[in-house]
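Colleague: This structure is in structure tokens; I'll ask about it shortly.
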Amino acid sequence: MFRKILIANRGEIAVRIIRAARELGIATVAVYSTADKEALHTLLADEAICIGPGKATESYLNINAILSAAVLTEAEAIHPGFGFLSENSKFATMCDEVGIKFIGPSGAVMDTMGDKINAREQMIKAGVPVIPGSDGEVHTAEEALAVAEKIGYPVMLKASAGGGGKGIRKVEKVEDLVAAFETASSEAKANFGNGAMYLERVIYPARHIEVQILADQEGHVVHLGERDCSLQRNNQKVLEESPSIAIGKTLRNEIGAAAVRAAESVGYENAGTIEFLLDEASGNFYFMEMNTRVQVEHPVTEFVSGVDIVKEQIRIAAGQPLPFKQEDIVLRGHAIECRINAENPAFNFAPSPGKITNLYLPSGGVGLRVDSAVYPGYTIPPYYDSMIAKIIVHGENRFDALMKMQRALYELEIDGVMTNSDFQLDLISDSNVIAGDYDTAFLMEKFLPNYQKNQ
């Protein structure tokens with residue numbers, strides 16, 4: 001097992017990793033920007049090193065600074081968390097080159113699965129269903145027009161090297177394709193350095209289903225069931241639950257087996273997530289992409305599976321085999337996660353950085369967890385993602401979990417900044433959500449228009 005690891009991240013995920021490492025008897029090193037000098041992860045870690053200014057490109061995305069901090073502190077491994085450098089193949093490869101274990105897959109596997117064109121081709125070889133679309137990268141609007149005519153409208157334009165909702169455009173008709181292509185391609189180039197796109201037929205509305213997998217260095221792959229992430233705003237997840245109410249035992253086995261085949265086909269190592277779209281009308285599911293890191297919503301899977309995903313990530317990276325087989329994984333109860341963001345729903349969810357003057361996080365009872373890195377008096381910097389907490393509940397059944405989440409959101413108190421907590425409470429109390437009658441279109445097309453009308 002490692003003696004010391006460095007966490008190349010910030011916020012609640014950095015705190016989550018530090019806590020897991022401490023329970024494994026591992027010393028931790030936090031890195032921080034000047035804006036995060038008083039952040040919780042810097043206070044909890046055994047050591048903390050400043051790696052640059054508040055701007056992420058000069059600190060949390062500064063590979064040389066992070067590797068220098070790891071070498072200086074004699075850290076044996078680096079956990080990247082999610083976001084920032086977590087899916088940067090160059091960073092993973094450089095860690096290996098300097099003799100530091102990257103807690104995640106290899107850079108080569110990241111390149112295969114991070115490039116959506118390569119991933120699509122690999123999934124076809126592995127017998128995993130894929131959405132009808134372009135055979136490879138599309139570089140011009142003219143090429144895009146030809147592909148769209150072949151597969152039919154509506155189509156989804158996606159950045160080949162994209163993620164996080166960037167470089168994505170839905171196109172309903174041929175007249176809109178050229179402008180959408182140019183905008184999405186420019187956005188992709190600005191965010192990822194690569195303007196190449198690909199096209200897929202739109203499966204919409206649908207269920208956004210993702211399957212959590214773990215894979216050790218000996219080639220054993222296990223899935224931990226699925227999460228339903230269909231409640232999204234502008235392609236960003238808002239609320240997640242596990243298991244999905246739309247999936248029965250037979251389909252759960254099929255989609256889980258497909259996720260395992262996907263991971264096995266690329267020699268995957270560590271934690272990862274295979275994302276699918278489920279067409280409820282036909283019962284068919286299609287591969288979307290693979291996230292080669294731990295997910296924001298991993299706690300719901302931990303609750304229903306009983307597996308500590310972050311600890312398993314560390315154990316796998318240290319060379320330990322998975323301590324369980326597929327038949328050992330039994331999903332129990334139901335879990336829901338709500339993302340609490342410092343944002344103002346009344347003003348198109350604009351970020352709301354500032355000082356937290358008063359904070360009360362819900363607690364008490366079995367099956368309630370809050371992952372956060374904020375505290376009373378903490379100032380939320382303006383440079384990073386607006387998520388400040390995750391409330392996760394687990395119940396004996398879905399209704400139990402829904403009621404527990406409502407109770408938790410009622411108790412939550414954050415003063416000094418605007419948050420989306422009331423929005424989340426209204427969403428979790430909506431009759432359609434309670435009935436499980438929602439898909440990827442629901443939040444944007446049905447819930448939000450009524451919500452904004454009543455504000």
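Chain labels follow the order of the structure tokens: the first chain is A, the next B, and so on; residue numbering restarts at 1 in every chain, and ligands are counted from 1 in their shown order.
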For A:Ala184, list every protein, DNA or RNA residue within 7 Å, evaluated using only C-alpha atoms, and leave out those in the same chain fewer than 6 positions away; present the list as a list in words.

Modeller: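 So the residues in contact are Gly167, Ile168 and Arg169 of chain A.
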
Colleague: Restricting the output to N, CA, C and O atoms, write the selected residues as a compact mmCIF listing (two decimals), in the first residue's frame.

Modeller:
```txt
# COMPACT_ATOMS: atom_id res chain seq x y z
N GLY A 167 -19.13 21.97 -26.51
CA GLY A 167 -19.05 21.54 -27.89
C GLY A 167 -20.17 20.62 -28.30
O GLY A 167 -19.98 19.74 -29.15
N ILE A 168 -21.34 20.80 -27.73
CA ILE A 168 -22.50 19.96 -28.03
C ILE A 168 -23.64 20.84 -28.54
O ILE A 168 -23.95 21.87 -27.93
N ARG A 169 -24.24 20.44 -29.64
CA ARG A 169 -25.39 21.18 -30.17
C ARG A 169 -26.39 20.19 -30.76
O ARG A 169 -26.03 19.28 -31.50
```

Colleague: Give me the residues within 7 Å of A:Glu12 as a list in words, counting only C-alpha atoms and dropping any in the same chain fewer than 6 places off.

Modeller: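 These residues fall inside the cut-off: Asp371, Ser372, Ala373 and Ala389 of chain A.
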
Colleague: Write the selection just made, keeping N, CA and C atoms, as a CSV table (one decimal), in the first residue's frame?

Modeller:
```csv
chain,number,residue,atom,x,y,z
A,371,ASP,N,-21.5,15.5,1.3
A,371,ASP,CA,-20.1,15.7,0.9
A,371,ASP,C,-19.9,17.1,0.6
A,372,SER,N,-19.0,17.8,1.3
A,372,SER,CA,-18.9,19.3,1.1
A,372,SER,C,-17.5,19.7,1.6
A,373,ALA,N,-17.1,20.9,1.1
A,373,ALA,CA,-15.8,21.4,1.6
A,373,ALA,C,-16.0,22.9,2.1
A,389,ALA,N,-21.7,21.5,-2.4
A,389,ALA,CA,-22.1,20.3,-1.6
A,389,ALA,C,-22.9,19.3,-2.4
```

Colleague: Excluding same-chain residues fewer than 4 positions from A:Leu277, what lies within 12 Å of it counting only C-alpha atoms, as a ChimeraX atom specification?

Modeller: /A:129-131,200-211,226-230,246,255,281-289,439-440

Colleague: Do you know which residues are at most 8 Å from A:Thr419 counting only C-alpha atoms, after dropping those on the same chain fewer than 5 positions away, and could you put them as a PyMOL selection string?

Modeller: chain A and resi 340-345+352+414

Colleague: Compile the contact shell of stretch 148-161 of chain A as number ranges by chain: residues with an atom at most 7 Å away, counting only C-alpha atoms, same-chain residues fewer than 5 positions apart removed.

Modeller: A: 114-117, 132-133, 137, 167-173, 181, 185, 188, 192, 194-202
